[in-house]
>>> print(open('my_file20.cif').read())   # mmCIF, C-alpha atoms
data_target
loop_
_atom_site.label_atom_id
_atom_site.label_comp_id
_atom_site.auth_asym_id
_atom_site.auth_seq_id
_atom_site.Cartn_x
_atom_site.Cartn_y
_atom_site.Cartn_z
CA MET R 42 -174.33 222.27 55.84
CA SER R 43 -175.47 219.24 53.84
CA GLU R 44 -176.72 216.11 55.59
CA ALA R 45 -173.66 214.17 54.36
CA ASP R 46 -171.27 216.68 55.97
CA ALA R 47 -173.00 216.61 59.34
CA PRO R 48 -170.76 214.09 61.20
CA SER R 49 -167.38 215.67 60.35
CA ASP R 50 -168.77 219.15 60.85
CA PHE R 51 -170.20 218.02 64.19
CA HIS R 52 -166.86 216.60 65.35
CA LYS R 53 -165.14 219.90 64.58
CA THR R 54 -167.89 221.91 66.29
CA ILE R 55 -167.69 219.79 69.46
CA THR R 56 -163.88 219.90 69.45
CA ASP R 57 -164.04 223.70 69.30
CA LEU R 58 -166.68 223.94 72.03
CA GLY R 59 -165.80 221.08 74.38
CA GLY R 60 -162.39 219.64 73.47
CA ALA R 61 -161.17 216.61 71.52
CA ALA R 62 -161.80 213.96 74.21
CA LEU R 63 -165.48 214.87 74.45
CA ALA R 64 -165.74 215.19 70.66
CA ASP R 65 -164.33 211.67 70.15
CA ARG R 66 -166.78 210.24 72.66
CA LEU R 67 -169.75 211.97 71.06
CA ARG R 68 -168.63 210.83 67.59
CA PHE R 69 -168.90 207.26 68.91
CA VAL R 70 -172.25 208.02 70.59
CA THR R 71 -173.70 209.34 67.33
CA GLU R 72 -172.10 206.60 65.17
CA ILE R 73 -173.77 203.81 67.15
CA ASP R 74 -177.20 205.27 66.35
CA LYS R 75 -176.85 203.11 63.20
CA LEU R 76 -177.39 199.98 65.33
CA LYS R 77 -181.10 200.91 65.34
CA GLY R 78 -181.18 200.17 61.62
CA ILE R 79 -179.60 196.69 61.77
CA LEU R 80 -182.43 194.15 61.59
CA ARG R 81 -182.32 190.68 63.09
CA GLN R 82 -184.29 187.57 62.16
CA THR R 83 -186.19 187.71 65.46
CA PRO R 84 -189.79 188.97 65.32
CA LEU R 85 -191.25 191.27 67.97
CA LEU R 86 -193.78 189.43 70.11
CA ASP R 87 -196.66 191.28 68.43
CA ARG R 88 -195.29 189.93 65.09
CA SER R 89 -195.48 193.44 63.59
CA ARG R 90 -191.85 193.55 62.39
CA LYS R 91 -188.33 192.24 62.93
CA GLU R 92 -186.35 193.39 65.94
CA ASN R 93 -183.31 195.65 65.49
CA ASP R 94 -179.96 195.24 67.25
CA ALA R 95 -180.30 198.30 69.52
CA GLU R 96 -183.62 197.30 71.06
CA HIS R 97 -182.40 193.67 71.22
CA SER R 98 -179.37 194.82 73.24
CA TRP R 99 -181.64 196.74 75.61
CA HIS R 100 -183.84 193.69 76.05
CA LEU R 101 -180.86 191.46 76.89
CA ALA R 102 -179.53 193.96 79.43
CA MET R 103 -182.96 194.02 81.08
CA MET R 104 -183.08 190.21 81.10
CA ALA R 105 -179.68 190.08 82.78
CA CYS R 106 -180.98 192.37 85.56
CA VAL R 107 -184.15 190.33 86.00
CA LEU R 108 -182.58 186.86 85.77
CA ALA R 109 -179.37 187.46 87.74
CA ASP R 110 -180.41 184.86 90.34
CA TYR R 111 -180.27 182.16 87.67
CA ALA R 112 -176.59 182.67 86.75
CA ALA R 113 -174.42 179.52 86.91
CA SER R 114 -171.95 181.24 89.21
CA GLU R 115 -171.43 184.68 90.69
CA VAL R 116 -171.26 187.34 87.99
CA ASP R 117 -170.29 191.03 87.95
CA MET R 118 -173.56 192.52 86.76
CA LEU R 119 -172.03 195.80 85.54
CA ARG R 120 -169.63 193.87 83.30
CA VAL R 121 -172.40 191.58 82.05
CA ILE R 122 -174.65 194.52 81.17
CA ARG R 123 -171.87 196.47 79.47
CA MET R 124 -171.01 193.37 77.41
CA LEU R 125 -174.63 193.01 76.34
CA LEU R 126 -174.95 196.70 75.49
CA ILE R 127 -171.93 196.55 73.15
CA HIS R 128 -172.01 192.94 71.91
CA ASP R 129 -173.70 193.66 68.57
CA ILE R 130 -172.20 197.08 67.77
CA VAL R 131 -169.83 195.45 65.25
CA GLU R 132 -172.91 194.56 63.18
CA ILE R 133 -173.15 198.22 62.14
CA ASP R 134 -170.42 197.31 59.63
CA ALA R 135 -170.63 193.52 59.51
CA GLY R 136 -174.41 193.02 59.45
CA ASP R 137 -176.42 190.39 61.29
CA THR R 138 -176.10 186.69 60.51
CA PHE R 139 -178.88 184.23 61.24
CA LEU R 140 -177.94 181.75 63.98
CA TYR R 141 -178.86 178.81 61.74
CA ASP R 142 -177.09 180.16 58.67
CA THR R 143 -174.43 177.76 57.36
CA SER R 144 -173.43 179.68 54.25
CA ALA R 145 -170.00 181.04 53.33
CA ALA R 146 -171.26 184.45 54.44
CA ALA R 147 -171.47 183.21 58.02
CA GLU R 148 -167.92 181.87 57.86
CA ALA R 149 -166.56 185.21 56.67
CA GLN R 150 -168.46 186.99 59.45
CA GLU R 151 -165.74 186.77 62.09
CA GLU R 152 -163.21 188.61 59.94
CA LYS R 153 -165.72 191.34 59.15
CA GLU R 154 -166.58 191.72 62.83
CA GLN R 155 -162.92 192.09 63.83
CA ALA R 156 -162.48 194.90 61.29
CA ALA R 157 -165.71 196.50 62.51
CA ALA R 158 -164.50 196.39 66.12
CA ASP R 159 -161.24 198.09 65.08
CA ARG R 160 -163.09 200.87 63.31
CA ILE R 161 -166.02 201.52 65.63
CA PHE R 162 -164.41 201.15 69.07
CA GLY R 163 -161.42 202.99 67.52
CA LEU R 164 -163.55 206.15 67.33
CA LEU R 165 -163.19 206.47 71.11
CA PRO R 166 -160.19 207.87 73.00
CA GLU R 167 -157.51 205.15 73.17
CA ALA R 168 -157.99 203.93 76.77
CA GLN R 169 -161.74 203.69 76.35
CA ALA R 170 -161.44 202.02 72.94
CA LYS R 171 -159.22 199.36 74.48
CA GLU R 172 -161.61 198.83 77.40
CA PHE R 173 -164.60 198.27 75.09
CA ARG R 174 -162.61 196.05 72.73
CA THR R 175 -161.38 193.87 75.62
CA LEU R 176 -164.94 193.49 76.88
CA TRP R 177 -166.21 192.56 73.41
CA ASP R 178 -163.35 190.05 72.92
CA GLU R 179 -164.28 188.51 76.28
CA PHE R 180 -167.91 188.13 75.20
CA GLU R 181 -166.85 186.50 71.94
CA ALA R 182 -164.46 184.09 73.71
CA HIS R 183 -167.29 182.71 75.89
CA GLU R 184 -164.88 181.65 78.66
CA SER R 185 -165.50 183.91 81.67
CA ALA R 186 -168.55 183.50 83.89
CA ASP R 187 -169.69 187.00 82.90
CA ALA R 188 -169.47 186.20 79.18
CA GLN R 189 -171.24 182.88 79.63
CA PHE R 190 -174.16 184.44 81.47
CA ALA R 191 -174.34 187.22 78.87
CA ARG R 192 -174.39 184.63 76.08
CA ALA R 193 -177.18 182.75 77.86
CA MET R 194 -179.30 185.94 77.60
CA ASP R 195 -178.39 186.33 73.92
CA ARG R 196 -179.56 182.78 73.12
CA THR R 197 -182.63 182.69 75.38
CA GLN R 198 -184.31 185.91 74.23
CA PRO R 199 -184.67 185.06 70.50
CA PHE R 200 -185.66 181.53 71.50
CA LEU R 201 -188.52 182.89 73.62
CA HIS R 202 -189.61 185.15 70.76
CA ASN R 203 -189.62 182.20 68.39
CA PHE R 204 -191.58 180.07 70.84
CA LEU R 205 -194.13 182.82 71.55
CA THR R 206 -194.69 183.52 67.86
CA GLU R 207 -195.39 179.81 67.30
CA GLY R 208 -192.12 179.26 65.44
CA MET R 209 -192.74 181.96 62.83
CA MET R 210 -189.05 182.24 61.88
CA TRP R 211 -188.29 178.53 62.44
CA GLN R 212 -190.90 177.69 59.86
CA GLN R 213 -189.84 180.44 57.47
CA HIS R 214 -186.20 179.25 57.53
CA GLY R 215 -186.98 175.51 57.81
CA VAL R 216 -185.24 175.26 61.20
CA GLN R 217 -185.71 171.90 62.93
CA ALA R 218 -185.91 170.94 66.60
CA ASP R 219 -182.50 169.24 66.71
CA GLN R 220 -180.76 172.28 65.25
CA VAL R 221 -182.29 174.44 67.98
CA ARG R 222 -181.41 171.90 70.71
CA LYS R 223 -177.78 172.01 69.61
CA ARG R 224 -177.58 175.80 69.37
CA MET R 225 -179.13 176.21 72.82
CA THR R 226 -176.71 173.89 74.68
CA VAL R 227 -174.40 176.88 75.23
CA ILE R 228 -177.01 178.36 77.63
CA ALA R 229 -176.02 175.66 80.16
CA ASP R 230 -172.61 177.31 80.73
CA GLY R 231 -174.24 180.55 81.85
CA SER R 232 -177.45 179.33 83.42
CA PRO R 233 -178.30 175.64 83.97
CA ALA R 234 -181.84 176.57 85.08
CA LEU R 235 -182.56 178.51 81.90
CA HIS R 236 -180.99 175.73 79.85
CA ASP R 237 -183.31 173.16 81.43
CA LEU R 238 -186.29 175.39 80.77
CA VAL R 239 -185.33 176.02 77.14
CA GLN R 240 -184.76 172.33 76.44
CA SER R 241 -188.21 171.55 77.91
CA LEU R 242 -189.74 174.31 75.79
CA ILE R 243 -188.12 172.81 72.68
CA ASP R 244 -189.93 169.53 73.45
CA GLU R 245 -193.14 171.48 73.95
CA ALA R 246 -192.59 173.39 70.68
CA GLU R 247 -192.07 170.11 68.87
CA THR R 248 -195.37 168.76 70.23
CA ARG R 249 -197.10 171.93 69.12
CA GLY R 250 -195.61 171.75 65.60
CA TYR R 251 -193.69 175.03 65.78
CA PHE R 252 -190.59 173.83 63.88
CA GLY R 253 -189.87 173.84 60.18
CA THR R 254 -189.53 170.78 57.97
CA ALA R 255 -186.36 169.65 56.21
CA MET T 1234 -203.55 178.31 70.88
CA SER T 1235 -204.71 181.67 69.60
CA GLU T 1236 -202.33 184.64 69.58
CA ALA T 1237 -204.44 186.39 72.24
CA ASP T 1238 -204.07 183.44 74.63
CA ALA T 1239 -200.30 183.22 74.26
CA PRO T 1240 -199.19 185.22 77.34
CA SER T 1241 -201.37 183.47 79.93
CA ASP T 1242 -200.71 180.09 78.35
CA PHE T 1243 -196.99 180.88 78.41
CA HIS T 1244 -197.03 181.80 82.11
CA LYS T 1245 -198.71 178.48 82.95
CA THR T 1246 -196.29 176.54 80.75
CA ILE T 1247 -193.25 178.16 82.39
CA THR T 1248 -194.70 177.69 85.87
CA ASP T 1249 -195.15 173.97 85.14
CA LEU T 1250 -191.66 173.60 83.67
CA GLY T 1251 -189.55 176.02 85.74
CA GLY T 1252 -191.55 177.24 88.74
CA ALA T 1253 -193.52 180.39 89.58
CA ALA T 1254 -190.55 182.67 90.36
CA LEU T 1255 -189.03 182.10 86.94
CA ALA T 1256 -192.44 182.34 85.26
CA ASP T 1257 -193.12 185.74 86.87
CA ARG T 1258 -189.74 187.05 85.74
CA LEU T 1259 -190.25 185.84 82.18
CA ARG T 1260 -193.75 187.34 82.11
CA PHE T 1261 -192.10 190.72 82.84
CA VAL T 1262 -189.36 190.05 80.26
CA THR T 1263 -191.94 189.35 77.55
CA GLU T 1264 -194.27 192.20 78.64
CA ILE T 1265 -191.54 194.82 78.20
CA ASP T 1266 -191.11 193.83 74.55
CA LYS T 1267 -193.93 196.35 74.02
CA LEU T 1268 -191.49 199.20 74.73
CA LYS T 1269 -190.15 198.64 71.20
CA GLY T 1270 -193.47 199.90 69.87
CA ILE T 1271 -193.61 203.16 71.88
CA LEU T 1272 -192.46 205.95 69.57
CA ARG T 1273 -190.80 209.15 70.71
CA GLN T 1274 -190.60 212.54 69.00
CA THR T 1275 -186.86 212.12 68.42
CA PRO T 1276 -185.74 211.24 64.88
CA LEU T 1277 -182.98 208.73 64.19
CA LEU T 1278 -179.86 210.48 62.89
CA ASP T 1279 -180.50 209.17 59.36
CA ARG T 1280 -183.95 210.84 59.59
CA SER T 1281 -185.61 207.61 58.40
CA ARG T 1282 -188.10 207.32 61.27
CA LYS T 1283 -188.80 208.21 64.90
CA GLU T 1284 -186.89 206.47 67.66
CA ASN T 1285 -188.67 204.01 69.97
CA ASP T 1286 -188.30 203.85 73.75
CA ALA T 1287 -186.37 200.56 73.83
CA GLU T 1288 -183.58 201.64 71.47
CA HIS T 1289 -183.56 205.07 73.18
CA SER T 1290 -182.97 203.36 76.54
CA TRP T 1291 -180.10 201.34 75.05
CA HIS T 1292 -178.57 204.51 73.62
CA LEU T 1293 -178.71 206.31 76.98
CA ALA T 1294 -177.12 203.35 78.79
CA MET T 1295 -174.31 203.38 76.21
CA MET T 1296 -173.89 207.14 76.66
CA ALA T 1297 -173.61 206.72 80.41
CA CYS T 1298 -170.77 204.19 79.91
CA VAL T 1299 -168.97 206.44 77.44
CA LEU T 1300 -169.45 209.74 79.28
CA ALA T 1301 -168.91 208.55 82.87
CA ASP T 1302 -165.88 210.86 83.23
CA TYR T 1303 -168.14 213.87 82.77
CA ALA T 1304 -170.42 213.15 85.74
CA ALA T 1305 -170.80 216.02 88.24
CA SER T 1306 -169.78 213.76 91.12
CA GLU T 1307 -168.96 210.11 91.65
CA VAL T 1308 -171.75 207.87 90.44
CA ASP T 1309 -172.52 204.16 90.81
CA MET T 1310 -172.51 203.16 87.15
CA LEU T 1311 -174.52 199.96 87.66
CA ARG T 1312 -177.31 201.95 89.33
CA VAL T 1313 -177.19 204.65 86.63
CA ILE T 1314 -177.42 202.09 83.83
CA ARG T 1315 -180.23 200.15 85.48
CA MET T 1316 -182.17 203.41 85.97
CA LEU T 1317 -181.74 204.26 82.31
CA LEU T 1318 -182.75 200.76 81.17
CA ILE T 1319 -186.04 200.94 83.10
CA HIS T 1320 -186.81 204.69 83.10
CA ASP T 1321 -189.30 204.61 80.22
CA ILE T 1322 -190.93 201.22 80.83
CA VAL T 1323 -194.00 202.96 82.31
CA GLU T 1324 -194.65 204.42 78.86
CA ILE T 1325 -195.87 200.98 77.74
CA ASP T 1326 -199.13 201.97 79.46
CA ALA T 1327 -198.80 205.73 79.76
CA GLY T 1328 -197.36 206.59 76.32
CA ASP T 1329 -194.67 209.13 75.52
CA THR T 1330 -195.14 212.84 76.05
CA PHE T 1331 -193.19 215.44 74.11
CA LEU T 1332 -190.79 217.41 76.32
CA TYR T 1333 -192.22 220.69 75.09
CA ASP T 1334 -195.85 219.61 75.39
CA THR T 1335 -197.86 221.90 77.69
CA SER T 1336 -201.27 220.35 77.20
CA ALA T 1337 -203.54 218.83 79.83
CA ALA T 1338 -202.39 215.43 78.60
CA ALA T 1339 -198.87 216.18 79.88
CA GLU T 1340 -200.27 217.18 83.28
CA ALA T 1341 -202.17 213.92 83.62
CA GLN T 1342 -199.08 211.97 82.65
CA GLU T 1343 -197.65 211.56 86.15
CA GLU T 1344 -200.77 209.81 87.43
CA LYS T 1345 -200.79 207.45 84.44
CA GLU T 1346 -197.12 206.65 84.95
CA GLN T 1347 -197.62 205.80 88.62
CA ALA T 1348 -200.39 203.34 87.71
CA ALA T 1349 -198.19 201.91 84.96
CA ALA T 1350 -195.32 201.40 87.40
CA ASP T 1351 -197.68 199.56 89.77
CA ARG T 1352 -198.87 197.24 87.04
CA ILE T 1353 -195.67 196.55 85.09
CA PHE T 1354 -193.10 196.29 87.90
CA GLY T 1355 -195.81 194.40 89.80
CA LEU T 1356 -195.49 191.52 87.34
CA LEU T 1357 -192.17 190.63 88.99
CA PRO T 1358 -191.71 188.70 92.26
CA GLU T 1359 -192.30 191.09 95.17
CA ALA T 1360 -188.70 191.84 96.21
CA GLN T 1361 -187.63 192.50 92.64
CA ALA T 1362 -190.73 194.59 91.91
CA LYS T 1363 -189.90 196.79 94.88
CA GLU T 1364 -186.26 197.13 93.83
CA PHE T 1365 -187.19 198.29 90.32
CA ARG T 1366 -189.91 200.62 91.61
CA THR T 1367 -187.52 202.24 94.08
CA LEU T 1368 -184.97 202.77 91.33
CA TRP T 1369 -187.59 204.31 89.03
CA ASP T 1370 -188.88 206.57 91.84
CA GLU T 1371 -185.30 207.71 92.43
CA PHE T 1372 -184.88 208.57 88.75
CA GLU T 1373 -188.13 210.54 88.78
CA ALA T 1374 -187.18 212.45 91.95
CA HIS T 1375 -183.95 213.76 90.35
CA GLU T 1376 -182.22 214.19 93.71
CA SER T 1377 -179.44 211.60 93.94
CA ALA T 1378 -176.18 211.97 91.99
CA ASP T 1379 -176.99 208.77 90.09
CA ALA T 1380 -180.42 210.06 89.04
CA GLN T 1381 -179.03 213.45 88.05
CA PHE T 1382 -176.37 211.92 85.81
CA ALA T 1383 -178.97 209.56 84.30
CA ARG T 1384 -181.28 212.52 83.60
CA ALA T 1385 -178.39 214.38 81.95
CA MET T 1386 -178.14 211.50 79.46
CA ASP T 1387 -181.91 211.53 78.90
CA ARG T 1388 -181.85 215.24 78.03
CA THR T 1389 -178.61 215.32 76.05
CA GLN T 1390 -179.34 212.47 73.61
CA PRO T 1391 -182.54 213.86 72.05
CA PHE T 1392 -180.93 217.30 72.00
CA LEU T 1393 -178.01 215.93 69.94
CA HIS T 1394 -180.44 214.21 67.57
CA ASN T 1395 -182.34 217.44 67.11
CA PHE T 1396 -179.14 219.40 66.51
CA LEU T 1397 -177.78 216.83 64.02
CA THR T 1398 -181.03 216.70 62.06
CA GLU T 1399 -180.94 220.49 61.75
CA GLY T 1400 -183.83 220.97 64.16
CA MET T 1401 -186.25 218.76 62.26
CA MET T 1402 -188.57 218.27 65.25
CA TRP T 1403 -187.98 221.76 66.68
CA GLN T 1404 -189.29 223.20 63.46
CA GLN T 1405 -192.14 220.72 63.18
CA HIS T 1406 -193.35 221.55 66.71
CA GLY T 1407 -192.44 225.27 66.64
CA VAL T 1408 -189.96 224.87 69.51
CA GLN T 1409 -187.87 227.98 70.18
CA ALA T 1410 -184.32 228.42 71.48
CA ASP T 1411 -185.36 229.75 74.89
CA GLN T 1412 -187.65 226.80 75.53
CA VAL T 1413 -184.76 224.45 74.81
CA ARG T 1414 -182.36 226.47 76.98
CA LYS T 1415 -184.75 226.19 79.90
CA ARG T 1416 -185.41 222.45 79.46
CA MET T 1417 -181.67 221.73 79.24
CA THR T 1418 -180.65 223.51 82.48
CA VAL T 1419 -181.31 220.27 84.38
CA ILE T 1420 -178.25 218.73 82.65
CA ALA T 1421 -176.03 220.93 84.86
CA ASP T 1422 -176.97 218.90 87.97
CA GLY T 1423 -175.62 215.72 86.43
CA SER T 1424 -172.83 217.00 84.22
CA PRO T 1425 -171.66 220.63 84.16
CA ALA T 1426 -169.38 219.88 81.17
CA LEU T 1427 -172.24 218.49 79.06
CA HIS T 1428 -174.45 221.38 80.15
CA ASP T 1429 -171.87 223.91 78.97
CA LEU T 1430 -171.56 222.09 75.66
CA VAL T 1431 -175.32 221.89 75.13
CA GLN T 1432 -175.83 225.56 75.92
CA SER T 1433 -173.10 226.46 73.39
CA LEU T 1434 -174.73 224.20 70.82
CA ILE T 1435 -178.06 225.95 71.40
CA ASP T 1436 -176.37 229.24 70.48
CA GLU T 1437 -174.88 227.55 67.42
CA ALA T 1438 -178.28 226.07 66.46
CA GLU T 1439 -179.83 229.52 66.75
CA THR T 1440 -177.20 230.96 64.41
CA ARG T 1441 -177.87 228.17 61.94
CA GLY T 1442 -181.65 228.68 62.07
CA TYR T 1443 -182.54 225.24 63.44
CA PHE T 1444 -185.33 226.40 65.78
CA GLY T 1445 -189.01 226.86 65.08
CA THR T 1446 -190.89 230.14 65.04
CA ALA T 1447 -193.60 231.17 67.46
#
>>> encode(input="my_file20.cif", output="structure tokens")
Amino acid sequence: MSEADAPSDFHKTITDLGGAALADRLRFVTEIDKLKGILRQTPLLDRSRKENDAEHSWHLAMMACVLADYAASEVDMLRVIRMLLIHDIVEIDAGDTFLYDTSAAAEAQEEKEQAAADRIFGLLPEAQAKEFRTLWDEFEAHESADAQFARAMDRTQPFLHNFLTEGMMWQQHGVQADQVRKRMTVIADGSPALHDLVQSLIDEAETRGYFGTA
Amino acid sequence: MSEADAPSDFHKTITDLGGAALADRLRFVTEIDKLKGILRQTPLLDRSRKENDAEHSWHLAMMACVLADYAASEVDMLRVIRMLLIHDIVEIDAGDTFLYDTSAAAEAQEEKEQAAADRIFGLLPEAQAKEFRTLWDEFEAHESADAQFARAMDRTQPFLHNFLTEGMMWQQHGVQADQVRKRMTVIADGSPALHDLVQSLIDEAETRGYFGTA
């Protein structure tokens, strides 16, 4: 068996040994291993390297557990965590875009992510595929209380990493305080307390000279 | 501000801006970033590098969502996922031990992990620290249905990675089929269906020559 043949061979082996429903699920489970190779623009706090999407998703799920008391309204924590676990899986195909990116690539991102959701969630048995897709669509829509709290985690974590690395990426990409203020307003929908904190930290970061220059 | 001063400075800043309860929670949130630097003996499926504990924990939480139908008995999925998200956090202090390690280091591991749990969960406000510690103790005890299903994920995922990389780590560490069979029996408590599949895959791996030699 060559390395390239492994996935299809594996699906057949599992189908033979455990049935198609289990094989489809495990094909998805092994496919999403690729999320560990999708790098973000956020540095680890020790500044040793950039964070990947899989460990980022874990960190957000942990934050949701720890910061549940700060949600704007009552949330269903299981739904919030599942949203956060899956929210970046589409980036396996579509790649990560930088939050402050304004290029044509960022505009085309939504279309790529929709196609990625079709393909990747589509690896699962139909009912489960639909369940995951609905949850991901809800996260993207940013309308439900669960999605808004989840999004607050997704904005706050990279902000904290940028603050604690003295604006390493802000400086590298020339990101300014007002751009960050604007991008962080969305946190208020999910957690007013975290939004207040982040806005105060932006002022503090400005005083400390963490931001980039135009 | 020097890099070394950042954490204590950050805790004071957050306390001033958002209060002590939020500052304690965010101290925990930033402390656990270190889990991304704890490497396991499991290779990624593309064989490019070893997996770290944070992305491993994300992968197990995803598996639990996807494989819920295969649990031995009814489980509380929120509890299972939270257990999986936190189960390796103690390794920030205690380090990872290889499942097939029989050295004195492995024997001393439990004591190190208890001290790590005291320190790391102890960063949180008291009620939350206790909640996380209780959940981690439950995972370690492997008695409840939730813990048994969680453990089934924790054994199955590295097994699948070893199978799909043609026994890369089994060969490197001289791990034999019977050792794997024995270590995988625990999966049966959490998921008889996954246990059956894994035992069949061990036979298949033996046929294909994936295991190490004594």
>>> atom_distance(input="my_file20.cif", atom1="CA of Leu76 in chain R", atom2="CA of Asp94 in chain R")
5.7 Å
>>> interface_residues(input="my_file20.cif", of="chain R", to="chain T", cutoff="8 Å", atoms="only C-alpha atoms", output="MDAnalysis selection string")
chainID R and resid 44 47 51 55 58:59 66 70:71 74:75 77 85:86 95:96 98:100 102:104 106:108 118:119 123 126:127 169 205:206 234 238 241
>>> resolve_selection(input="my_file20.cif", expression="the PyMOL selection byres ((chain T and resi 1414) around 12)", output="list in words")
Tyr1333, Arg1388, Thr1389, Phe1392, Val1408, Gln1409, Ala1410, Asp1411, Gln1412, Val1413, Lys1415, Arg1416, Met1417, Thr1418, Val1419, Ile1420, Ala1421, His1428, Asp1429, Leu1430, Val1431, Gln1432, Ser1433, Leu1434, Ile1435, Asp1436, Ala1438, Glu1439 and Phe1444 of chain T
>>> residues_around(input="my_file20.cif", residues="Gly1423 in chain T", least_positions_apart="3", cutoff="9 Å", atoms="all atoms listed in the file", output="ChimeraX atom specification")
/T:1303-1306,1378-1386,1419-1420,1427-1428
>>> write_last_selection(input="my_file20.cif", atoms="C-alpha atoms", output="PDB file, in the coordinates of the input")
ATOM      1  CA  TYR T1303    -168.140 213.870  82.770  1.00  0.00           C
ATOM      2  CA  ALA T1304    -170.420 213.150  85.740  1.00  0.00           C
ATOM      3  CA  ALA T1305    -170.800 216.020  88.240  1.00  0.00           C
ATOM      4  CA  SER T1306    -169.780 213.760  91.120  1.00  0.00           C
ATOM      5  CA  ALA T1378    -176.180 211.970  91.990  1.00  0.00           C
ATOM      6  CA  ASP T1379    -176.990 208.770  90.090  1.00  0.00           C
ATOM      7  CA  ALA T1380    -180.420 210.060  89.040  1.00  0.00           C
ATOM      8  CA  GLN T1381    -179.030 213.450  88.050  1.00  0.00           C
ATOM      9  CA  PHE T1382    -176.370 211.920  85.810  1.00  0.00           C
ATOM     10  CA  ALA T1383    -178.970 209.560  84.300  1.00  0.00           C
ATOM     11  CA  ARG T1384    -181.280 212.520  83.600  1.00  0.00           C
ATOM     12  CA  ALA T1385    -178.390 214.380  81.950  1.00  0.00           C
ATOM     13  CA  MET T1386    -178.140 211.500  79.460  1.00  0.00           C
ATOM     14  CA  VAL T1419    -181.310 220.270  84.380  1.00  0.00           C
ATOM     15  CA  ILE T1420    -178.250 218.730  82.650  1.00  0.00           C
ATOM     16  CA  LEU T1427    -172.240 218.490  79.060  1.00  0.00           C
ATOM     17  CA  HIS T1428    -174.450 221.380  80.150  1.00  0.00           C
TER      18      HIS T1428
END
>>> atom_distance(input="my_file20.cif", atom1="CA of Asp1321 in chain T", atom2="CA of Phe1372 in chain T")
10.4 Å
>>> residues_around(input="my_file20.cif", residues="Ala1350 in chain T", least_positions_apart="3", cutoff="12 Å", atoms="all atoms listed in the file", output="ChimeraX atom specification")
/T:1265,1319-1327,1343-1347,1353-1357,1362-1370,1373
>>> closest_residue(input="my_file20.cif", among="T:Leu1317, T:Asp1351, T:Ala1341, T:Gly1328", to="Glu1371 in chain T", atoms="all atoms listed in the file")
T:Leu1317
>>> atom_distance(input="my_file20.cif", atom1="CA of Ile1271 in chain T", atom2="CA of Thr1248 in chain T")
29.1 Å
>>> closest_residue(input="my_file20.cif", among="R:Gly250, R:Met209, R:Glu184, R:His52", to="Asp230 in chain R", atoms="all atoms listed in the file")
R:Glu184
